[in-house]
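Source file: upload.csv. Holds: CSV, C-alpha atoms.
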chain,number,residue,atom,x,y,z
A,1,MET,CA,-3.7,-35.6,13.6
A,2,ALA,CA,-5.2,-32.4,12.3
A,3,LYS,CA,-4.3,-30.7,15.6
A,4,LEU,CA,-0.7,-31.9,15.3
A,5,ASN,CA,-0.5,-30.6,11.8
A,6,SER,CA,-2.0,-27.3,12.8
A,7,GLY,CA,0.5,-26.9,15.6
A,8,SER,CA,3.4,-27.8,13.3
A,9,ASN,CA,2.2,-25.3,10.7
A,10,PHE,CA,1.9,-22.6,13.3
A,11,LYS,CA,5.4,-23.2,14.6
A,12,LYS,CA,6.8,-23.2,11.1
A,13,THR,CA,5.0,-19.9,10.3
A,14,PHE,CA,6.1,-18.3,13.5
A,15,LEU,CA,9.7,-19.3,12.8
A,16,VAL,CA,9.6,-17.9,9.3
A,17,HIS,CA,8.2,-14.6,10.5
A,18,ALA,CA,10.8,-14.4,13.3
A,19,ILE,CA,13.7,-15.0,10.9
A,20,ILE,CA,12.4,-12.4,8.4
A,21,LEU,CA,11.8,-9.8,11.1
A,22,ALA,CA,15.2,-10.4,12.6
A,23,ALA,CA,16.9,-10.1,9.1
A,24,LEU,CA,15.0,-6.8,8.5
A,25,ALA,CA,15.9,-5.5,11.9
A,26,VAL,CA,19.6,-5.8,11.4
A,27,LEU,CA,19.6,-4.8,7.7
A,28,PRO,CA,20.0,-1.0,8.2
A,29,LEU,CA,23.2,-1.6,10.2
A,30,PHE,CA,24.8,-2.7,6.9
A,31,LEU,CA,23.5,0.2,4.8
A,32,ASN,CA,24.7,3.7,4.3
A,33,GLY,CA,22.5,6.7,4.9
A,34,TYR,CA,21.0,6.9,1.4
A,35,HIS,CA,20.2,3.2,1.3
A,36,GLN,CA,18.6,3.4,4.7
A,37,LYS,CA,16.3,6.1,3.5
A,38,LEU,CA,15.5,4.1,0.3
A,39,ALA,CA,14.7,1.1,2.5
A,40,VAL,CA,12.2,3.1,4.5
A,41,GLU,CA,10.5,4.4,1.4
A,42,ALA,CA,10.3,0.9,-0.1
A,43,ILE,CA,8.8,-0.5,3.1
A,44,ILE,CA,6.2,2.2,3.4
A,45,LEU,CA,5.3,1.8,-0.3
A,46,SER,CA,4.9,-1.9,0.2
A,47,VAL,CA,1.9,-1.2,2.4
A,48,PHE,CA,0.5,1.0,-0.3
A,49,ALA,CA,0.8,-1.7,-2.8
A,50,MET,CA,-0.7,-4.3,-0.4
A,51,SER,CA,-3.7,-2.0,0.2
A,52,LEU,CA,-4.4,-2.1,-3.6
A,53,ASP,CA,-4.3,-5.9,-3.5
A,54,LEU,CA,-7.3,-5.9,-1.1
A,55,VAL,CA,-9.6,-4.6,-3.9
A,56,MET,CA,-7.8,-5.6,-7.1
A,57,GLY,CA,-6.4,-9.0,-6.0
A,58,TYR,CA,-9.1,-10.3,-3.7
A,59,ALA,CA,-12.3,-8.5,-4.9
A,60,GLY,CA,-11.3,-8.3,-8.5
A,61,ILE,CA,-12.0,-4.5,-8.6
A,62,ALA,CA,-9.6,-2.5,-10.9
A,63,THR,CA,-9.0,1.1,-9.7
A,64,PHE,CA,-6.9,3.8,-11.4
A,65,GLY,CA,-7.2,6.3,-8.6
A,66,HIS,CA,-5.6,4.7,-5.6
A,67,ALA,CA,-3.0,7.5,-5.3
A,68,ALA,CA,-5.8,9.8,-4.1
A,69,PHE,CA,-5.9,7.9,-0.8
A,70,PHE,CA,-2.1,7.8,-0.4
A,71,GLY,CA,-1.9,11.6,-1.1
A,72,ILE,CA,-4.8,12.5,1.2
A,73,GLY,CA,-3.4,10.5,4.0
A,74,GLY,CA,-0.1,12.3,3.5
A,75,TYR,CA,-1.7,15.7,3.6
A,76,ALA,CA,-3.7,14.8,6.7
A,77,MET,CA,-0.5,13.8,8.5
A,78,GLY,CA,1.2,17.0,7.3
A,79,VAL,CA,-1.7,19.2,8.6
A,80,MET,CA,-1.7,17.4,11.9
A,81,LEU,CA,2.0,17.6,12.5
A,82,LYS,CA,2.5,21.2,11.3
A,83,PHE,CA,-0.7,23.0,12.4
A,84,LEU,CA,-2.5,20.9,15.0
A,85,PHE,CA,-0.5,18.6,17.3
A,86,PRO,CA,2.9,16.9,16.8
A,87,SER,CA,1.7,13.3,17.3
A,88,LEU,CA,2.2,10.4,14.9
A,89,TRP,CA,-0.7,8.6,16.4
A,90,LEU,CA,-3.1,11.4,15.9
A,91,GLY,CA,-1.8,11.9,12.4
A,92,LEU,CA,-2.5,8.3,11.5
A,93,ILE,CA,-6.0,8.6,13.0
A,94,LEU,CA,-6.8,11.7,11.0
A,95,ALA,CA,-5.3,10.1,7.9
A,96,GLY,CA,-7.4,7.0,8.4
A,97,PHE,CA,-10.6,9.0,9.0
A,98,CYS,CA,-10.1,11.3,5.9
A,99,THR,CA,-9.3,8.5,3.6
A,100,ALA,CA,-12.2,6.4,4.9
A,101,ILE,CA,-14.6,9.2,4.1
A,102,LEU,CA,-13.1,9.8,0.7
A,103,ALA,CA,-13.1,6.1,-0.2
A,104,PHE,CA,-16.7,5.6,1.0
A,105,PHE,CA,-17.8,8.5,-1.2
A,106,ILE,CA,-15.9,7.4,-4.3
A,107,GLY,CA,-16.9,3.8,-3.8
A,108,PHE,CA,-20.5,4.5,-3.1
A,109,VAL,CA,-20.9,6.7,-6.2
A,110,SER,CA,-18.9,4.6,-8.5
A,111,ILE,CA,-19.8,1.0,-7.5
A,112,ARG,CA,-22.7,0.7,-9.9
A,113,ALA,CA,-20.2,0.8,-12.7
A,114,LYS,CA,-18.3,-2.3,-13.5
A,115,GLY,CA,-14.9,-3.2,-15.0
A,116,ILE,CA,-13.2,-0.5,-17.0
A,117,TYR,CA,-16.0,2.0,-16.3
A,118,PHE,CA,-15.5,1.7,-12.6
A,119,ALA,CA,-11.7,2.2,-13.1
A,120,ILE,CA,-12.2,5.3,-15.2
A,121,LEU,CA,-14.6,6.8,-12.6
A,122,THR,CA,-12.0,6.3,-9.8
A,123,LEU,CA,-9.4,7.9,-12.0
A,124,ALA,CA,-11.7,10.9,-12.6
A,125,PHE,CA,-12.4,11.3,-8.9
A,126,ALA,CA,-8.7,11.1,-8.1
A,127,GLU,CA,-8.0,13.7,-10.7
A,128,VAL,CA,-10.6,16.0,-9.2
A,129,VAL,CA,-8.9,15.7,-5.8
A,130,TYR,CA,-5.5,16.3,-7.4
A,131,ARG,CA,-6.7,19.5,-9.1
A,132,ILE,CA,-8.3,20.8,-6.0
A,133,ILE,CA,-5.2,20.5,-3.9
A,134,PHE,CA,-2.9,21.6,-6.8
A,135,HIS,CA,-4.7,24.9,-7.1
A,136,SER,CA,-5.1,25.6,-3.4
A,137,TYR,CA,-2.5,28.3,-3.5
A,138,ASN,CA,-3.9,30.6,-0.7
A,139,THR,CA,-4.3,27.8,1.8
A,140,PRO,CA,-1.9,26.0,4.2
A,141,LEU,CA,-1.8,23.1,1.7
A,142,GLY,CA,0.6,25.2,-0.5
A,143,GLY,CA,-0.9,24.4,-3.9
A,144,SER,CA,1.5,23.1,-6.4
A,145,ASP,CA,4.4,23.8,-4.0
A,146,GLY,CA,3.0,21.3,-1.5
A,147,LEU,CA,2.9,21.3,2.2
A,148,VAL,CA,6.5,21.8,3.2
A,149,GLY,CA,8.3,22.0,6.6
A,150,VAL,CA,6.4,19.2,8.3
A,151,PRO,CA,8.2,18.5,11.6
A,152,THR,CA,9.2,14.9,12.3
A,153,PRO,CA,7.5,13.9,15.5
A,154,MET,CA,8.6,11.8,18.4
A,155,LEU,CA,6.9,8.5,18.7
A,156,HIS,CA,5.5,8.1,22.2
A,157,LEU,CA,5.3,4.6,23.5
A,158,GLY,CA,4.2,4.9,27.1
A,159,PHE,CA,7.4,4.7,29.1
A,160,PHE,CA,9.8,5.8,26.4
A,161,ASP,CA,9.9,7.8,23.2
A,162,ILE,CA,11.5,7.1,19.8
A,163,ASP,CA,13.2,9.9,17.9
A,164,LEU,CA,12.0,9.4,14.4
A,165,ARG,CA,14.5,12.0,13.1
A,166,ASN,CA,17.0,9.1,13.3
A,167,THR,CA,16.6,7.2,10.0
A,168,VAL,CA,17.4,3.8,11.6
A,169,ASN,CA,14.7,4.4,14.2
A,170,PHE,CA,12.2,5.3,11.5
A,171,TYR,CA,13.2,2.2,9.6
A,172,TRP,CA,12.4,0.0,12.5
A,173,VAL,CA,9.1,1.7,13.1
A,174,ALA,CA,8.3,1.3,9.3
A,175,VAL,CA,9.0,-2.4,9.6
A,176,ALA,CA,6.7,-2.7,12.5
A,177,PHE,CA,4.1,-0.7,10.7
A,178,ALA,CA,4.3,-2.9,7.6
A,179,TYR,CA,4.2,-6.1,9.5
A,180,LEU,CA,1.2,-5.1,11.6
A,181,SER,CA,-0.6,-3.9,8.4
A,182,TYR,CA,0.2,-7.2,6.7
A,183,MET,CA,-1.1,-9.3,9.7
A,184,VAL,CA,-4.4,-7.2,9.9
A,185,CYS,CA,-4.9,-7.6,6.1
A,186,LYS,CA,-4.1,-11.3,6.5
A,187,VAL,CA,-6.9,-11.6,9.0
A,188,ILE,CA,-9.3,-9.7,6.8
A,189,VAL,CA,-8.8,-11.9,3.7
A,190,GLY,CA,-8.9,-15.0,5.8
A,191,SER,CA,-12.2,-14.1,7.4
A,192,PRO,CA,-15.7,-14.8,6.0
A,193,PHE,CA,-15.6,-11.3,4.6
A,194,GLY,CA,-12.5,-12.3,2.6
A,195,SER,CA,-14.3,-15.3,1.3
A,196,ILE,CA,-17.1,-13.0,0.1
A,197,LEU,CA,-14.6,-10.8,-1.8
A,198,SER,CA,-13.1,-13.9,-3.4
A,199,GLY,CA,-16.5,-15.0,-4.4
A,200,ILE,CA,-17.2,-11.6,-6.0
A,201,ARG,CA,-13.9,-11.9,-7.9
A,202,GLU,CA,-14.7,-15.4,-9.2
A,203,ASN,CA,-18.4,-14.9,-10.0
A,204,GLU,CA,-20.1,-11.8,-8.9
A,205,ASN,CA,-23.6,-12.9,-10.1
A,206,ARG,CA,-23.7,-15.9,-7.8
A,207,VAL,CA,-22.9,-14.1,-4.5
A,208,PRO,CA,-26.3,-12.5,-4.0
A,209,PHE,CA,-27.9,-16.0,-4.1
A,210,LEU,CA,-25.8,-16.8,-1.0
A,211,GLY,CA,-27.4,-13.9,0.8
A,212,PHE,CA,-24.6,-11.4,0.6
A,213,ASN,CA,-24.8,-7.8,-0.6
A,214,VAL,CA,-22.3,-7.4,-3.3
A,215,LYS,CA,-22.5,-3.6,-3.4
A,216,TRP,CA,-21.8,-3.1,0.2
A,217,SER,CA,-19.1,-5.7,0.3
A,218,LYS,CA,-17.3,-3.9,-2.5
A,219,VAL,CA,-17.7,-0.5,-0.8
A,220,THR,CA,-16.3,-2.0,2.4
A,221,ALA,CA,-13.3,-3.5,0.6
A,222,PHE,CA,-12.7,-0.1,-1.1
A,223,VAL,CA,-12.8,1.7,2.2
A,224,LEU,CA,-10.5,-0.7,3.9
A,225,ALA,CA,-8.0,-0.4,1.0
A,226,GLY,CA,-8.3,3.4,1.2
A,227,ILE,CA,-7.6,3.4,4.9
A,228,PHE,CA,-4.4,1.4,4.5
A,229,ALA,CA,-3.3,3.5,1.6
A,230,GLY,CA,-3.9,6.6,3.7
A,231,PHE,CA,-1.8,5.1,6.5
A,232,SER,CA,1.1,4.5,4.2
A,233,GLY,CA,0.8,8.0,2.7
A,234,ALA,CA,0.8,9.4,6.3
A,235,MET,CA,3.9,7.5,7.2
A,236,PHE,CA,5.5,8.7,3.9
A,237,THR,CA,4.9,12.3,4.7
A,238,ALA,CA,6.1,11.9,8.3
A,239,PHE,CA,9.4,10.5,6.9
A,240,LYS,CA,9.9,12.9,4.0
A,241,THR,CA,8.8,15.9,6.1
A,242,TYR,CA,6.5,17.2,3.3
A,243,ALA,CA,3.4,16.4,1.3
A,244,ASP,CA,3.1,17.3,-2.3
A,245,THR,CA,0.8,16.8,-5.3
A,246,GLU,CA,3.0,14.1,-6.7
A,247,GLN,CA,1.6,11.8,-4.0
A,248,LEU,CA,-1.8,12.4,-5.6
A,249,ASN,CA,-0.8,12.1,-9.2
A,250,PHE,CA,-2.2,9.4,-11.5
A,251,LEU,CA,1.3,8.3,-12.4
A,252,LEU,CA,1.6,7.0,-8.8
A,253,SER,CA,-1.7,5.2,-9.3
A,254,GLY,CA,-0.2,3.5,-12.3
A,255,LYS,CA,3.1,2.7,-10.5
A,256,VAL,CA,1.3,1.0,-7.6
A,257,ILE,CA,-0.6,-1.2,-10.1
A,258,VAL,CA,2.8,-2.1,-11.7
A,259,MET,CA,4.1,-3.0,-8.2
A,260,ALA,CA,1.2,-5.2,-7.4
A,261,LEU,CA,1.2,-7.0,-10.7
A,262,ILE,CA,4.9,-7.6,-10.7
A,263,GLY,CA,4.9,-9.0,-7.2
A,264,GLY,CA,1.7,-11.1,-7.8
A,265,ILE,CA,-1.8,-10.0,-6.9
A,266,GLY,CA,-4.1,-11.9,-4.6
A,267,THR,CA,-1.3,-12.8,-2.2
A,268,LEU,CA,-0.8,-9.6,-0.1
A,269,ILE,CA,3.0,-10.4,0.2
A,270,GLY,CA,3.4,-10.3,-3.5
A,271,PRO,CA,2.6,-6.6,-4.0
A,272,MET,CA,4.8,-5.8,-1.0
A,273,ILE,CA,7.7,-7.6,-2.7
A,274,GLY,CA,6.8,-5.8,-6.0
A,275,ALA,CA,7.0,-2.4,-4.3
A,276,VAL,CA,10.4,-3.1,-2.8
A,277,VAL,CA,11.7,-4.4,-6.2
A,278,ILE,CA,10.4,-1.5,-8.2
A,279,THR,CA,11.6,1.1,-5.6
A,280,ILE,CA,15.1,-0.3,-5.6
A,281,PHE,CA,15.1,-0.9,-9.4
A,282,GLU,CA,13.9,2.7,-10.1
A,283,SER,CA,16.6,4.1,-7.8
A,284,ILE,CA,19.3,2.2,-9.7
A,285,ILE,CA,18.2,3.0,-13.3
A,286,SER,CA,17.4,6.6,-12.6
A,287,THR,CA,21.0,7.1,-11.8
A,288,TYR,CA,22.0,6.2,-15.3
A,289,PHE,CA,18.9,7.0,-17.4
A,290,ARG,CA,16.6,10.0,-17.5
A,291,ALA,CA,13.8,8.0,-19.1
A,292,HIS,CA,13.7,5.4,-16.4
A,293,HIS,CA,9.9,5.3,-16.5
A,294,LEU,CA,10.1,3.8,-20.0
A,295,ILE,CA,12.3,1.1,-18.7
A,296,ILE,CA,9.9,0.3,-15.9
A,297,GLY,CA,7.1,0.2,-18.4
A,298,ALA,CA,9.1,-2.2,-20.5
A,299,LEU,CA,9.7,-4.4,-17.4
A,300,PHE,CA,6.0,-4.4,-16.7
A,301,VAL,CA,5.2,-5.6,-20.2
A,302,VAL,CA,7.8,-8.4,-19.9
A,303,VAL,CA,6.4,-9.5,-16.6
A,304,VAL,CA,2.8,-9.5,-17.9
A,305,ILE,CA,3.7,-11.6,-20.9
A,306,PHE,CA,6.1,-14.1,-19.3
A,307,MET,CA,5.1,-14.0,-15.6
A,308,PRO,CA,1.3,-13.2,-15.5
A,309,LYS,CA,1.2,-14.2,-11.8
A,310,GLY,CA,4.1,-12.1,-10.9
A,311,LEU,CA,7.4,-12.9,-9.1
A,312,LEU,CA,5.6,-14.8,-6.4
A,313,GLY,CA,3.8,-16.9,-8.9
A,314,LEU,CA,7.1,-17.7,-10.6
A,315,PHE,CA,8.6,-19.0,-7.4
A,316,ALA,CA,5.5,-21.0,-6.6
A,317,ARG,CA,5.6,-22.7,-10.1
A,318,LYS,CA,9.3,-23.6,-9.5
A,319,ASP,CA,8.4,-25.2,-6.2
A,320,ARG,CA,5.6,-27.2,-7.8
A,321,ASN,CA,8.0,-28.4,-10.6
A,322,ASN,CA,10.6,-29.4,-8.0
A,323,ASN,CA,8.0,-31.3,-6.0
A,324,GLY,CA,6.7,-33.0,-9.1
A,325,SER,CA,10.2,-34.1,-10.1

When written as structure tokens, how does the structure in this file appear?
Amino acid sequence: MAKLNSGSNFKKTFLVHAIILAALAVLPLFLNGYHQKLAVEAIILSVFAMSLDLVMGYAGIATFGHAAFFGIGGYAMGVMLKFLFPSLWLGLILAGFCTAILAFFIGFVSIRAKGIYFAILTLAFAEVVYRIIFHSYNTPLGGSDGLVGVPTPMLHLGFFDIDLRNTVNFYWVAVAFAYLSYMVCKVIVGSPFGSILSGIRENENRVPFLGFNVKWSKVTAFVLAGIFAGFSGAMFTAFKTYADTEQLNFLLSGKVIVMALIGGIGTLIGPMIGAVVITIFESIISTYFRAHHLIIGALFVVVVIFMPKGLLGLFARKDRNNNGS
């Protein structure tokens, strides 16, 4: 009976994924050029928000400097494409390597602190990275002007190439990137390591008695989150054809926290939904209001008060109420 239920659940999950991917695949055909670009940005930022969920939602580690990894990943991709070799694959590898090193250093140095003290330390390190790149005027990074003129590469897939200068092509690649990232993170949180992270979130003091090293588990989670944030930053730069210090700014760190909380942390898919919602919402209200950040802040306050588990938690509660009735 258990095997039958398992097989049925697998078929149901496969069908749901297939329907969602099919819907996403045809979506750009019904959008104009501006909305196609907005969709690409939203999808890339959804991976960024999901990466934060690995540490904040599953390990219970608050961080205020997550934009540092997004920005460094973007600059790594820009340097690769503009100065080294026009390869998206090599750009992603370089972005992953650089962000892994940075995340390991920040995590290793900061991990002894807990709670708000850890969060402030990550913010301080992120600000140092921001200031270093902001003042790098006489380097290829461009200082406050950013790294501009990044060429959009061709994506080589063995027997054929994909021209990423076409927005629709980039959209499909972004969907594949987001889906693969989600599936990898799903495997991570569903593994024994994911159970350790959940244990740390629920009761950090008990985990050592089970034979697990809390410090290194936290650092590993921090590095994994940094790598996925770096990947998303790299894809963002490849799409926008530039990397600038706004990708490192603490405001982006705050925005990604808002995305994750609005969608629902500890779910992976929730922060992805939150990123899409915030990106679209910001695009709409910025057309009519200059102080759109204030409106997003107000929305965040409303969600925290009335929907503490985010949009995904709201829908789950409705399902439970319907089942109960």

Between atom CA of A:Val214 and atom CA of A:Val189, distance in Å (one decimal):
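It comes out at 15.9 Å.
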
Would you mind listing what lies within 10 Å of A:Leu248 as a ChimeraX atom specification, with all atoms listed in the file counted and same-chain residues fewer than 4 positions away left out?
/A:65-75,126-127,129-131,133-134,233,243-244,252-253

Contacts of A:Ala119 at 7 Å (all atoms listed in the file; same-chain gap of 2+ positions) as a PDB file with C-alpha atoms, in the coordinates of the input:
ATOM      1  CA  ALA A  62      -9.600  -2.500 -10.900  1.00  0.00           C
ATOM      2  CA  THR A  63      -9.000   1.100  -9.700  1.00  0.00           C
ATOM      3  CA  PHE A  64      -6.900   3.800 -11.400  1.00  0.00           C
ATOM      4  CA  GLY A 115     -14.900  -3.200 -15.000  1.00  0.00           C
ATOM      5  CA  ILE A 116     -13.200  -0.500 -17.000  1.00  0.00           C
ATOM      6  CA  TYR A 117     -16.000   2.000 -16.300  1.00  0.00           C
ATOM      7  CA  LEU A 121     -14.600   6.800 -12.600  1.00  0.00           C
ATOM      8  CA  THR A 122     -12.000   6.300  -9.800  1.00  0.00           C
ATOM      9  CA  LEU A 123      -9.400   7.900 -12.000  1.00  0.00           C
TER      10      LEU A 123
END

Taking 4 positions as the minimum chain separation for residues in the same chain, which residues sit within 12 Å of stretch 158-163 of chain A when counting all atoms listed in the file? Answer as a list in words.
Ser87, Leu88, Pro151, Thr152, Pro153, Met154, Thr167, Val168, Asn169, Phe170, Tyr171, Trp172, Val173 and Phe239 of chain A

Closest of A:Gly143, A:Gly91, A:Gly107, A:Gly57 to A:Val219 - atom-to-atom distances counting all atoms listed in the file
A:Gly107

For A:Ile280, please output as a list in words all residues within 12 Å (counting all atoms listed in the file; exclusion window: fewer than 5 positions along the same chain).
Tyr34, His35, Gln36, Lys37, Leu38, Ala39, Val40, Glu41, Ala42, Ile43, Leu45, Ser46, Met259, Ile273, Gly274, Ala275, Ile285, Ser286, Thr287 and Ile296 of chain A

Sphere at (14.6, -6.2, 9.2), radius 10 Å, counting all atoms listed in the file: residues as a list in words
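The residues that fall inside the cut-off are Ala18, Ile19, Ile20, Leu21, Ala22, Ala23, Leu24, Ala25, Val26, Leu27, Pro28, Leu29, Ala39, Tyr171, Trp172, Ala174, Val175 and Ala176 of chain A.
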
Return the single residue from A:Ala229, A:Val256, A:Ile295, A:Val304 that is closest to A:Ser51, with distances computed using all atoms listed in the file.
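Between A:Ala229, A:Val256, A:Ile295, A:Val304, the residue approaching A:Ser51 most closely is A:Ala229.
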
Distance atom CA of A:Phe222-atom CA of A:Glu202, one decimal place?
17.4 Å

Calculate how many Å separate atom CA of A:Thr220 from atom CA of A:Leu197, rounding to one decimal.
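Rounded to one decimal, the two atoms are 9.9 Å apart.
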
Applying 10 Å and only C-alpha atoms, which residues near A:Lys186 remain after dropping the ones on its own chain fewer than 4 positions away? List them as a PDB file with C-alpha atoms, keeping the file's coordinate frame.
ATOM      1  CA  LEU A  54      -7.300  -5.900  -1.100  1.00  0.00           C
ATOM      2  CA  LEU A 180       1.200  -5.100  11.600  1.00  0.00           C
ATOM      3  CA  SER A 181      -0.600  -3.900   8.400  1.00  0.00           C
ATOM      4  CA  TYR A 182       0.200  -7.200   6.700  1.00  0.00           C
ATOM      5  CA  GLY A 190      -8.900 -15.000   5.800  1.00  0.00           C
ATOM      6  CA  SER A 191     -12.200 -14.100   7.400  1.00  0.00           C
ATOM      7  CA  GLY A 194     -12.500 -12.300   2.600  1.00  0.00           C
ATOM      8  CA  THR A 267      -1.300 -12.800  -2.200  1.00  0.00           C
ATOM      9  CA  LEU A 268      -0.800  -9.600  -0.100  1.00  0.00           C
ATOM     10  CA  ILE A 269       3.000 -10.400   0.200  1.00  0.00           C
TER      11      ILE A 269
END

Option closest in space to A:Ile101, from A:Leu155, A:Leu164, A:Val223, A:Met235 [counting all atoms listed in the file]:
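Comparing A:Leu155, A:Leu164, A:Val223, A:Met235 against A:Ile101, the winner is A:Val223.
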
Where atoms are lacking, stretch 74-91 of chain A completed to N, CA and C atoms, as a PDB file, in the coordinates of the input:
ATOM      1  N   GLY A  74      -1.273  11.504   3.297  1.00  0.00           N
ATOM      2  CA  GLY A  74      -0.100  12.300   3.500  1.00  0.00           C
ATOM      3  C   GLY A  74      -0.364  13.719   3.906  1.00  0.00           C
ATOM      4  N   TYR A  75      -1.323  14.337   3.240  1.00  0.00           N
ATOM      5  CA  TYR A  75      -1.700  15.700   3.600  1.00  0.00           C
ATOM      6  C   TYR A  75      -2.319  15.784   4.981  1.00  0.00           C
ATOM      7  N   ALA A  76      -3.101  14.789   5.338  1.00  0.00           N
ATOM      8  CA  ALA A  76      -3.700  14.800   6.700  1.00  0.00           C
ATOM      9  C   ALA A  76      -2.627  14.708   7.754  1.00  0.00           C
ATOM     10  N   MET A  77      -1.620  13.862   7.531  1.00  0.00           N
ATOM     11  CA  MET A  77      -0.500  13.800   8.500  1.00  0.00           C
ATOM     12  C   MET A  77       0.232  15.106   8.539  1.00  0.00           C
ATOM     13  N   GLY A  78       0.470  15.726   7.378  1.00  0.00           N
ATOM     14  CA  GLY A  78       1.200  17.000   7.300  1.00  0.00           C
ATOM     15  C   GLY A  78       0.434  18.093   8.096  1.00  0.00           C
ATOM     16  N   VAL A  79      -0.875  18.179   7.906  1.00  0.00           N
ATOM     17  CA  VAL A  79      -1.700  19.200   8.600  1.00  0.00           C
ATOM     18  C   VAL A  79      -1.651  18.946  10.111  1.00  0.00           C
ATOM     19  N   MET A  80      -1.763  17.682  10.514  1.00  0.00           N
ATOM     20  CA  MET A  80      -1.700  17.400  11.900  1.00  0.00           C
ATOM     21  C   MET A  80      -0.411  17.763  12.576  1.00  0.00           C
ATOM     22  N   LEU A  81       0.688  17.359  11.946  1.00  0.00           N
ATOM     23  CA  LEU A  81       2.000  17.600  12.500  1.00  0.00           C
ATOM     24  C   LEU A  81       2.401  19.069  12.514  1.00  0.00           C
ATOM     25  N   LYS A  82       2.026  19.774  11.455  1.00  0.00           N
ATOM     26  CA  LYS A  82       2.500  21.200  11.300  1.00  0.00           C
ATOM     27  C   LYS A  82       1.562  22.182  11.958  1.00  0.00           C
ATOM     28  N   PHE A  83       0.256  21.923  11.945  1.00  0.00           N
ATOM     29  CA  PHE A  83      -0.700  23.000  12.400  1.00  0.00           C
ATOM     30  C   PHE A  83      -1.487  22.578  13.637  1.00  0.00           C
ATOM     31  N   LEU A  84      -1.615  21.302  13.942  1.00  0.00           N
ATOM     32  CA  LEU A  84      -2.500  20.900  15.000  1.00  0.00           C
ATOM     33  C   LEU A  84      -1.722  20.372  16.244  1.00  0.00           C
ATOM     34  N   PHE A  85      -1.192  19.171  16.131  1.00  0.00           N
ATOM     35  CA  PHE A  85      -0.500  18.600  17.300  1.00  0.00           C
ATOM     36  C   PHE A  85       0.565  17.622  16.758  1.00  0.00           C
ATOM     37  N   PRO A  86       1.788  17.718  17.269  1.00  0.00           N
ATOM     38  CA  PRO A  86       2.900  16.900  16.800  1.00  0.00           C
ATOM     39  C   PRO A  86       2.831  15.446  17.266  1.00  0.00           C
ATOM     40  N   SER A  87       1.833  14.708  16.832  1.00  0.00           N
ATOM     41  CA  SER A  87       1.700  13.300  17.300  1.00  0.00           C
ATOM     42  C   SER A  87       1.490  12.411  16.078  1.00  0.00           C
ATOM     43  N   LEU A  88       2.354  11.405  15.953  1.00  0.00           N
ATOM     44  CA  LEU A  88       2.200  10.400  14.900  1.00  0.00           C
ATOM     45  C   LEU A  88       0.926   9.669  14.977  1.00  0.00           C
ATOM     46  N   TRP A  89       0.536   9.318  16.196  1.00  0.00           N
ATOM     47  CA  TRP A  89      -0.700   8.600  16.400  1.00  0.00           C
ATOM     48  C   TRP A  89      -1.912   9.337  15.921  1.00  0.00           C
ATOM     49  N   LEU A  90      -1.996  10.615  16.319  1.00  0.00           N
ATOM     50  CA  LEU A  90      -3.100  11.400  15.900  1.00  0.00           C
ATOM     51  C   LEU A  90      -3.115  11.680  14.396  1.00  0.00           C
ATOM     52  N   GLY A  91      -1.917  11.791  13.830  1.00  0.00           N
ATOM     53  CA  GLY A  91      -1.800  11.900  12.400  1.00  0.00           C
ATOM     54  C   GLY A  91      -2.330  10.734  11.639  1.00  0.00           C
TER      55      GLY A  91
END
